[in-house]
$ cat input.pdb   # PDB, C-alpha atoms, pLDDT in the B column
ATOM      1  CA  MET W 219     -18.660   1.602  -8.109  1.00 50.00           C
ATOM      2  CA  THR W 220     -21.672   2.181  -5.894  1.00 56.00           C
ATOM      3  CA  LEU W 221     -22.820   5.704  -5.073  1.00 46.00           C
ATOM      4  CA  VAL W 222     -21.816   5.201  -1.428  1.00 45.00           C
ATOM      5  CA  ARG W 223     -18.251   4.275  -2.357  1.00 62.00           C
ATOM      6  CA  GLN W 224     -18.010   7.101  -4.891  1.00 69.00           C
ATOM      7  CA  ASN W 225     -19.049   9.568  -2.205  1.00 70.00           C
ATOM      8  CA  TYR W 226     -16.445   7.997   0.071  1.00 67.00           C
ATOM      9  CA  VAL W 227     -13.732   8.562  -2.546  1.00 77.00           C
ATOM     10  CA  ASN W 228     -14.882  12.130  -3.125  1.00 82.00           C
ATOM     11  CA  GLN W 229     -14.832  12.794   0.619  1.00 82.00           C
ATOM     12  CA  TYR W 230     -11.101  12.077   0.861  1.00 85.00           C
ATOM     13  CA  LYS W 231      -9.995  13.057  -2.652  1.00 88.00           C
ATOM     14  CA  GLU W 232      -8.479  16.434  -1.773  1.00 90.00           C
ATOM     15  CA  GLN W 233      -6.738  15.101   1.333  1.00 90.00           C
ATOM     16  CA  ILE W 234      -5.222  12.168  -0.559  1.00 91.00           C
ATOM     17  CA  GLU W 235      -4.044  14.373  -3.428  1.00 94.00           C
ATOM     18  CA  GLU W 236      -2.449  16.786  -0.952  1.00 94.00           C
ATOM     19  CA  MET W 237      -0.631  13.938   0.762  1.00 94.00           C
ATOM     20  CA  PHE W 238       0.798  12.769  -2.548  1.00 96.00           C
ATOM     21  CA  ARG W 239       1.958  16.322  -3.224  1.00 95.00           C
ATOM     22  CA  GLN W 240       3.805  16.300   0.081  1.00 94.00           C
ATOM     23  CA  ARG W 241       5.285  12.838  -0.444  1.00 96.00           C
ATOM     24  CA  PRO W 242       4.970  10.951  -3.754  1.00 97.00           C
ATOM     25  CA  ILE W 243       5.537   7.520  -2.161  1.00 98.00           C
ATOM     26  CA  TRP W 244       3.818   5.996   0.880  1.00 96.00           C
ATOM     27  CA  THR W 245       3.425   2.706   2.678  1.00 94.00           C
ATOM     28  CA  THR W 246      -0.179   1.756   3.320  1.00 91.00           C
ATOM     29  CA  MET W 247       0.366   1.987   7.059  1.00 89.00           C
ATOM     30  CA  ALA W 248       1.922   5.456   6.940  1.00 91.00           C
ATOM     31  CA  PHE W 249      -0.918   6.687   4.762  1.00 88.00           C
ATOM     32  CA  ALA W 250      -3.538   5.121   7.023  1.00 87.00           C
ATOM     33  CA  ASN W 251      -1.986   6.636  10.124  1.00 88.00           C
ATOM     34  CA  VAL W 252      -1.824  10.146   8.699  1.00 87.00           C
ATOM     35  CA  ILE W 253      -5.263  10.148   7.107  1.00 84.00           C
ATOM     36  CA  GLU W 254      -6.703   8.219  10.075  1.00 78.00           C
ATOM     37  CA  LEU W 255      -8.454   5.497   8.093  1.00 79.00           C
ATOM     38  CA  ARG W 256      -8.241   1.733   8.277  1.00 78.00           C
ATOM     39  CA  GLU W 257      -5.735   0.032   6.006  1.00 76.00           C
ATOM     40  CA  VAL W 258      -8.012  -2.419   4.191  1.00 73.00           C
ATOM     41  CA  PRO W 259     -10.517   0.027   2.609  1.00 76.00           C
ATOM     42  CA  LEU W 260      -7.687   2.449   1.975  1.00 81.00           C
ATOM     43  CA  ARG W 261      -5.702  -0.217   0.114  1.00 83.00           C
ATOM     44  CA  THR W 262      -8.594  -1.725  -1.819  1.00 82.00           C
ATOM     45  CA  GLN W 263     -10.900   1.210  -2.548  1.00 82.00           C
ATOM     46  CA  LEU W 264      -9.084   4.529  -2.296  1.00 88.00           C
ATOM     47  CA  LEU W 265      -5.379   4.388  -3.099  1.00 92.00           C
ATOM     48  CA  PRO W 266      -5.727   2.483  -6.421  1.00 93.00           C
ATOM     49  CA  ARG W 267      -7.527   5.545  -7.788  1.00 92.00           C
ATOM     50  CA  PHE W 268      -4.560   7.829  -7.111  1.00 94.00           C
ATOM     51  CA  ALA W 269      -1.442   5.658  -7.215  1.00 96.00           C
ATOM     52  CA  TYR W 270       0.072   2.394  -8.394  1.00 97.00           C
ATOM     53  CA  TYR W 271       1.349  -0.350  -6.106  1.00 97.00           C
ATOM     54  CA  CYS W 272       5.044  -1.192  -6.458  1.00 97.00           C
ATOM     55  CA  GLN W 273       5.691  -4.920  -6.064  1.00 95.00           C
ATOM     56  CA  CYS W 274       9.476  -5.097  -6.205  1.00 95.00           C
ATOM     57  CA  GLY W 275      12.682  -3.087  -5.892  1.00 97.00           C
ATOM     58  CA  PRO W 276      13.642  -0.367  -3.375  1.00 98.00           C
ATOM     59  CA  TRP W 277      10.037   0.913  -3.134  1.00 98.00           C
ATOM     60  CA  ARG W 278       8.287  -2.460  -2.977  1.00 96.00           C
ATOM     61  CA  SER W 279       5.025  -2.677  -1.067  1.00 94.00           C
ATOM     62  CA  MET W 280       4.474   1.063  -1.480  1.00 96.00           C
ATOM     63  CA  TRP W 281       2.024   3.302  -3.277  1.00 97.00           C
ATOM     64  CA  ILE W 282       3.548   5.662  -5.848  1.00 98.00           C
ATOM     65  CA  LYS W 283       1.440   8.437  -7.310  1.00 97.00           C
ATOM     66  CA  PHE W 284       0.457   8.015 -10.940  1.00 97.00           C
ATOM     67  CA  GLY W 285       3.009   9.351 -13.425  1.00 97.00           C
ATOM     68  CA  TYR W 286       5.892   9.339 -10.954  1.00 98.00           C
ATOM     69  CA  ASP W 287       9.042   7.237 -11.449  1.00 98.00           C
ATOM     70  CA  PRO W 288      11.223   7.239  -8.308  1.00 98.00           C
ATOM     71  CA  ARG W 289      14.184   5.762 -10.187  1.00 97.00           C
ATOM     72  CA  ILE W 290      14.958   9.027 -11.956  1.00 96.00           C
ATOM     73  CA  ASP W 291      15.993  11.136  -8.949  1.00 97.00           C
ATOM     74  CA  PRO W 292      18.332  10.245  -6.033  1.00 98.00           C
ATOM     75  CA  ILE W 293      16.154  12.335  -3.702  1.00 97.00           C
ATOM     76  CA  ASN W 294      13.762   9.400  -3.631  1.00 98.00           C
ATOM     77  CA  ARG W 295      16.207   7.389  -1.541  1.00 98.00           C
ATOM     78  CA  SER W 296      14.448   8.877   1.471  1.00 98.00           C
ATOM     79  CA  TYR W 297      11.290   6.938   0.557  1.00 98.00           C
ATOM     80  CA  GLN W 298      12.993   3.555   0.158  1.00 98.00           C
ATOM     81  CA  LEU W 299      11.801   0.618   2.207  1.00 97.00           C
ATOM     82  CA  LEU W 300      13.609  -0.921   5.142  1.00 96.00           C
ATOM     83  CA  ASP W 301      12.265  -4.361   6.018  1.00 94.00           C
ATOM     84  CA  PHE W 302      13.141  -4.855   9.667  1.00 93.00           C
ATOM     85  CA  ARG W 303      12.678  -7.785  12.048  1.00 89.00           C
ATOM     86  CA  ALA W 304      13.076  -6.989  15.718  1.00 84.00           C
ATOM     87  CA  PRO W 305      15.264  -9.406  17.710  1.00 81.00           C
ATOM     88  CA  ARG W 306      13.347 -12.279  19.286  1.00 75.00           C
ATOM     89  CA  ASP W 307      14.965 -12.088  22.700  1.00 67.00           C
ATOM     90  CA  GLY W 308      12.515 -10.494  25.090  1.00 55.00           C
ATOM     91  CA  PHE W 309      10.319  -8.982  22.383  1.00 59.00           C
ATOM     92  CA  GLN W 310       6.573  -9.397  22.800  1.00 57.00           C
ATOM     93  CA  VAL W 311       4.145  -8.518  20.035  1.00 49.00           C
ATOM     94  CA  GLN W 312       1.561  -6.035  21.255  1.00 46.00           C
ATOM     95  CA  SER W 313      -2.008  -7.288  21.059  1.00 33.00           C
ATOM     96  CA  PHE W 314      -3.340  -4.321  19.091  1.00 33.00           C
ATOM     97  CA  ALA W 315      -1.086  -5.144  16.119  1.00 39.00           C
ATOM     98  CA  THR W 316      -3.582  -7.585  14.636  1.00 38.00           C
ATOM     99  CA  LYS W 317      -6.736  -5.892  15.921  1.00 39.00           C
ATOM    100  CA  LYS W 318      -6.264  -2.995  13.555  1.00 42.00           C
ATOM    101  CA  THR W 319      -6.136  -5.013  10.341  1.00 38.00           C
ATOM    102  CA  ARG W 320      -9.233  -7.110  11.120  1.00 33.00           C
ATOM    103  CA  LYS W 321     -11.626  -4.185  10.751  1.00 37.00           C
ATOM    104  CA  THR W 322     -12.495  -3.511   7.133  1.00 35.00           C
ATOM    105  CA  LYS W 323     -15.583  -1.285   7.187  1.00 38.00           C
ATOM    106  CA  LEU W 324     -15.534   2.105   5.517  1.00 38.00           C
ATOM    107  CA  GLN W 325     -15.262   4.032   8.750  1.00 40.00           C
ATOM    108  CA  LYS W 326     -12.728   5.781  10.907  1.00 41.00           C
ATOM    109  CA  PRO W 327     -11.342   4.027  13.980  1.00 40.00           C
ATOM    110  CA  ASP W 328     -12.480   5.340  17.330  1.00 45.00           C
ATOM    111  CA  GLN W 329     -10.455   8.055  19.054  1.00 44.00           C
ATOM    112  CA  ASN W 330      -8.643   5.690  21.421  1.00 43.00           C
ATOM    113  CA  GLU W 331      -7.372   3.628  18.474  1.00 43.00           C
ATOM    114  CA  ILE W 332      -6.282   6.760  16.610  1.00 40.00           C
ATOM    115  CA  GLU W 333      -4.205   8.023  19.516  1.00 44.00           C
ATOM    116  CA  SER W 334      -2.349   4.719  19.864  1.00 47.00           C
ATOM    117  CA  GLU W 335      -1.873   3.947  16.178  1.00 58.00           C
ATOM    118  CA  THR W 336      -0.879   7.146  14.386  1.00 73.00           C
ATOM    119  CA  THR W 337       2.874   6.624  14.775  1.00 81.00           C
ATOM    120  CA  TYR W 338       3.132   2.902  13.985  1.00 84.00           C
ATOM    121  CA  HIS W 339       4.994   3.674  10.765  1.00 91.00           C
ATOM    122  CA  ILE W 340       7.720   5.718  12.513  1.00 94.00           C
ATOM    123  CA  TYR W 341      10.819   4.176  14.040  1.00 94.00           C
ATOM    124  CA  SER W 342      12.227   5.755  17.185  1.00 91.00           C
ATOM    125  CA  ALA W 343      14.873   4.348  19.508  1.00 88.00           C
ATOM    126  CA  ASP W 344      12.789   5.213  22.586  1.00 88.00           C
ATOM    127  CA  LYS W 345       9.822   2.940  21.817  1.00 85.00           C
ATOM    128  CA  LEU W 346       9.362  -0.668  20.757  1.00 85.00           C
ATOM    129  CA  PRO W 347       7.972  -1.470  17.286  1.00 84.00           C
ATOM    130  CA  PHE W 348       4.285  -2.404  17.341  1.00 79.00           C
ATOM    131  CA  LYS W 349       5.087  -5.829  15.886  1.00 82.00           C
ATOM    132  CA  ARG W 350       8.191  -7.890  15.287  1.00 82.00           C
ATOM    133  CA  GLN W 351       8.374  -7.388  11.514  1.00 87.00           C
ATOM    134  CA  CYS W 352       7.952  -3.803  10.322  1.00 90.00           C
ATOM    135  CA  HIS W 353       8.340  -1.867   7.112  1.00 93.00           C
ATOM    136  CA  TYR W 354       9.821   1.615   7.503  1.00 96.00           C
ATOM    137  CA  GLN W 355      10.511   4.247   4.907  1.00 97.00           C
ATOM    138  CA  VAL W 356      13.913   5.850   5.379  1.00 98.00           C
ATOM    139  CA  CYS W 357      12.324   9.246   6.039  1.00 97.00           C
ATOM    140  CA  ASP W 358      10.325   7.694   8.880  1.00 96.00           C
ATOM    141  CA  ILE W 359      13.383   6.397  10.725  1.00 97.00           C
ATOM    142  CA  HIS W 360      13.627   9.113  13.381  1.00 96.00           C
ATOM    143  CA  ASP W 361      17.036   8.311  14.759  1.00 96.00           C
ATOM    144  CA  ARG W 362      20.162  10.424  14.301  1.00 96.00           C
ATOM    145  CA  GLN W 363      22.575   7.511  14.474  1.00 97.00           C
ATOM    146  CA  CYS W 364      20.735   5.590  11.749  1.00 97.00           C
ATOM    147  CA  GLN W 365      20.418   8.630   9.501  1.00 97.00           C
ATOM    148  CA  SER W 366      24.096   9.484   9.966  1.00 97.00           C
ATOM    149  CA  VAL W 367      25.143   5.985   8.926  1.00 97.00           C
ATOM    150  CA  LEU W 368      22.782   5.990   5.942  1.00 97.00           C
ATOM    151  CA  LYS W 369      24.273   9.246   4.714  1.00 97.00           C
ATOM    152  CA  ASN W 370      27.649   7.514   4.371  1.00 97.00           C
ATOM    153  CA  TYR W 371      26.086   4.975   2.016  1.00 98.00           C
ATOM    154  CA  GLU W 372      24.334   7.438  -0.287  1.00 98.00           C
ATOM    155  CA  THR W 373      25.068   7.153  -3.995  1.00 97.00           C
ATOM    156  CA  ASP W 374      23.773   8.764  -7.162  1.00 97.00           C
ATOM    157  CA  VAL W 375      23.922   5.458  -9.042  1.00 96.00           C
ATOM    158  CA  TYR W 376      20.619   3.556  -8.976  1.00 97.00           C
ATOM    159  CA  THR W 377      20.451  -0.224  -8.663  1.00 97.00           C
ATOM    160  CA  HIS W 378      17.365  -2.411  -8.499  1.00 96.00           C
ATOM    161  CA  ASP W 379      18.481  -4.108  -5.285  1.00 95.00           C
ATOM    162  CA  ASP W 380      19.722  -1.134  -3.255  1.00 97.00           C
ATOM    163  CA  GLY W 381      18.197   1.895  -4.944  1.00 98.00           C
ATOM    164  CA  TYR W 382      20.251   5.007  -4.213  1.00 98.00           C
ATOM    165  CA  TYR W 383      22.303   3.456  -1.413  1.00 98.00           C
ATOM    166  CA  SER W 384      25.445   1.402  -1.763  1.00 97.00           C
ATOM    167  CA  GLN W 385      25.385  -2.244  -0.750  1.00 96.00           C
ATOM    168  CA  GLY W 386      25.316  -2.921   2.974  1.00 97.00           C
ATOM    169  CA  ALA W 387      23.455   0.226   4.022  1.00 97.00           C
ATOM    170  CA  PHE W 388      20.341  -1.431   5.368  1.00 97.00           C
ATOM    171  CA  SER W 389      22.249  -4.291   6.988  1.00 97.00           C
ATOM    172  CA  ALA W 390      24.137  -1.692   9.013  1.00 97.00           C
ATOM    173  CA  ILE W 391      20.896   0.050  10.003  1.00 97.00           C
ATOM    174  CA  ARG W 392      19.202  -3.198  11.016  1.00 96.00           C
ATOM    175  CA  GLU W 393      22.121  -3.960  13.316  1.00 95.00           C
ATOM    176  CA  ILE W 394      21.874  -0.545  14.975  1.00 96.00           C
ATOM    177  CA  MET W 395      18.107  -0.817  15.401  1.00 94.00           C
ATOM    178  CA  ALA W 396      18.337  -4.334  16.827  1.00 93.00           C
ATOM    179  CA  GLY W 397      20.860  -3.106  19.394  1.00 93.00           C
ATOM    180  CA  GLN W 398      18.647  -0.174  20.335  1.00 93.00           C
ATOM    181  CA  ILE W 399      15.656  -2.446  20.830  1.00 90.00           C
ATOM    182  CA  ARG W 400      17.656  -4.839  23.017  1.00 90.00           C
ATOM    183  CA  ASP W 401      18.785  -1.882  25.116  1.00 90.00           C
ATOM    184  CA  LEU W 402      15.204  -0.649  25.437  1.00 88.00           C
ATOM    185  CA  ILE W 403      13.922  -4.082  26.429  1.00 86.00           C
ATOM    186  CA  LYS W 404      16.644  -4.349  29.074  1.00 86.00           C
ATOM    187  CA  GLN W 405      15.838  -0.864  30.349  1.00 84.00           C
ATOM    188  CA  ASN W 406      12.135  -1.714  30.588  1.00 72.00           C
ATOM    189  CA  LYS W 407      12.915  -4.899  32.511  1.00 72.00           C
ATOM    190  CA  ASP W 408      15.229  -3.025  34.879  1.00 62.00           C
ATOM    191  CA  ASP W 409      12.505  -0.444  35.471  1.00 58.00           C
ATOM    192  CA  GLU W 410      10.003  -3.206  36.222  1.00 55.00           C
ATOM    193  CA  VAL W 411      12.396  -4.771  38.714  1.00 50.00           C
ATOM    194  CA  THR W 412      12.997  -1.406  40.400  1.00 53.00           C
ATOM    195  CA  GLU W 413       9.251  -0.741  40.614  1.00 48.00           C
ATOM    196  CA  SER W 414       8.680  -4.217  42.030  1.00 49.00           C
ATOM    197  CA  ASP W 415      11.362  -3.675  44.676  1.00 49.00           C
ATOM    198  CA  MET W 416       9.711  -0.408  45.688  1.00 52.00           C
ATOM    199  CA  MET W 417       6.375  -2.182  46.167  1.00 53.00           C
ATOM    200  CA  THR W 418       7.817  -4.759  48.557  1.00 54.00           C
TER
END

$ encode --input "input.pdb" --output "structure tokens"
Amino acid sequence: MTLVRQNYVNQYKEQIEEMFRQRPIWTTMAFANVIELREVPLRTQLLPRFAYYCQCGPWRSMWIKFGYDPRIDPINRSYQLLDFRAPRDGFQVQSFATKKTRKTKLQKPDQNEIESETTYHIYSADKLPFKRQCHYQVCDIHDRQCQSVLKNYETDVYTHDDGYYSQGAFSAIREIMAGQIRDLIKQNKDDEVTESDMMT
């Protein structure tokens, strides 16, 4: 490793270690949003020094801190991955979704990008996802209805396919989220029509 990159690692070492103390499992996007760094250098140069990348199972596509096995404790259900595809009808991908991942330099994004990107990893029923396919950790689904339904599926028996939820949990959540997004799209269209009528 070059001296420049080593200094870069040292610069963020304490912050990264503290984040893994707060949450032992992260998606790259969630980590990037909180630490306010771009995903590519974070994924290729920083995180591999503090965590291992899980390629399959309930925590696939996530970084898990070294020495930690999420399979041993049901509490880790809150970090499981929900792979969600927003419904096609009326959904438009926002242009900044791809802009973020193209930049790979070891630098922070500018302030305007930070303000618009720091909540990409969080699902909320009052805003559209930043792209059609998203990965959410359960703890980042900020919706009471979804969390209430998930609670009914909790189990203390681990399986490779469903982790610490019984079968069907995430299918139920995807259906709720899809309905919420359709409602939001319809509401946005109605608002646009109302605004247009007021202008004429």

$ resolve_selection --input "input.pdb" --expression "the PyMOL selection byres ((chain W and resi 343) around 12)" --output "count of residues only"
23

$ residues_around --input "input.pdb" --residues "segment 294-309 of chain W" --least-positions-apart "4" --cutoff "7 Å" --atoms "only C-alpha atoms" --output "PyMOL selection string"
chain W and resi 243+276-278+288+350-357+381-382+388+392+396+403

$ atom_distance --input "input.pdb" --atom1 "atom CA of Asp380 of chain W" --atom2 "atom CA of Glu235 of chain W"
28.4 Å

$ atom_distance --input "input.pdb" --atom1 "atom CA of Phe249 of chain W" --atom2 "atom CA of Lys283 of chain W"
12.4 Å

$ closest_residue --input "input.pdb" --among "W:Phe238, W:Gln233, W:Ala248, W:Lys349" --to "Ile282 of chain W" --atoms "all atoms listed in the file"
W:Phe238

$ closest_residue --input "input.pdb" --among "W:Lys407, W:Glu254, W:Pro266, W:Gly386" --to "Tyr338 of chain W" --atoms "all atoms listed in the file"
W:Glu254

$ closest_residue --input "input.pdb" --among "W:Met280, W:Cys272, W:Asp374, W:Thr336" --to "Arg256 of chain W" --atoms "only C-alpha atoms"
W:Thr336

$ resolve_selection --input "input.pdb" --expression "the PyMOL selection byres ((chain W and resi 261) around 12)" --output "ChimeraX atom specification"
/W:244-250,255-260,262-271,279-281,319,322,324

$ write_last_selection --input "input.pdb" --atoms "C-alpha atoms" --output "PDB file, in the coordinates of the input"
ATOM      1  CA  TRP W 244       3.818   5.996   0.880  1.00 96.00           C
ATOM      2  CA  THR W 245       3.425   2.706   2.678  1.00 94.00           C
ATOM      3  CA  THR W 246      -0.179   1.756   3.320  1.00 91.00           C
ATOM      4  CA  MET W 247       0.366   1.987   7.059  1.00 89.00           C
ATOM      5  CA  ALA W 248       1.922   5.456   6.940  1.00 91.00           C
ATOM      6  CA  PHE W 249      -0.918   6.687   4.762  1.00 88.00           C
ATOM      7  CA  ALA W 250      -3.538   5.121   7.023  1.00 87.00           C
ATOM      8  CA  LEU W 255      -8.454   5.497   8.093  1.00 79.00           C
ATOM      9  CA  ARG W 256      -8.241   1.733   8.277  1.00 78.00           C
ATOM     10  CA  GLU W 257      -5.735   0.032   6.006  1.00 76.00           C
ATOM     11  CA  VAL W 258      -8.012  -2.419   4.191  1.00 73.00           C
ATOM     12  CA  PRO W 259     -10.517   0.027   2.609  1.00 76.00           C
ATOM     13  CA  LEU W 260      -7.687   2.449   1.975  1.00 81.00           C
ATOM     14  CA  THR W 262      -8.594  -1.725  -1.819  1.00 82.00           C
ATOM     15  CA  GLN W 263     -10.900   1.210  -2.548  1.00 82.00           C
ATOM     16  CA  LEU W 264      -9.084   4.529  -2.296  1.00 88.00           C
ATOM     17  CA  LEU W 265      -5.379   4.388  -3.099  1.00 92.00           C
ATOM     18  CA  PRO W 266      -5.727   2.483  -6.421  1.00 93.00           C
ATOM     19  CA  ARG W 267      -7.527   5.545  -7.788  1.00 92.00           C
ATOM     20  CA  PHE W 268      -4.560   7.829  -7.111  1.00 94.00           C
ATOM     21  CA  ALA W 269      -1.442   5.658  -7.215  1.00 96.00           C
ATOM     22  CA  TYR W 270       0.072   2.394  -8.394  1.00 97.00           C
ATOM     23  CA  TYR W 271       1.349  -0.350  -6.106  1.00 97.00           C
ATOM     24  CA  SER W 279       5.025  -2.677  -1.067  1.00 94.00           C
ATOM     25  CA  MET W 280       4.474   1.063  -1.480  1.00 96.00           C
ATOM     26  CA  TRP W 281       2.024   3.302  -3.277  1.00 97.00           C
ATOM     27  CA  THR W 319      -6.136  -5.013  10.341  1.00 38.00           C
ATOM     28  CA  THR W 322     -12.495  -3.511   7.133  1.00 35.00           C
ATOM     29  CA  LEU W 324     -15.534   2.105   5.517  1.00 38.00           C
TER      30      LEU W 324
END

$ atom_distance --input "input.pdb" --atom1 "atom CA of Ile234 of chain W" --atom2 "atom CA of Asp379 of chain W"
29.1 Å
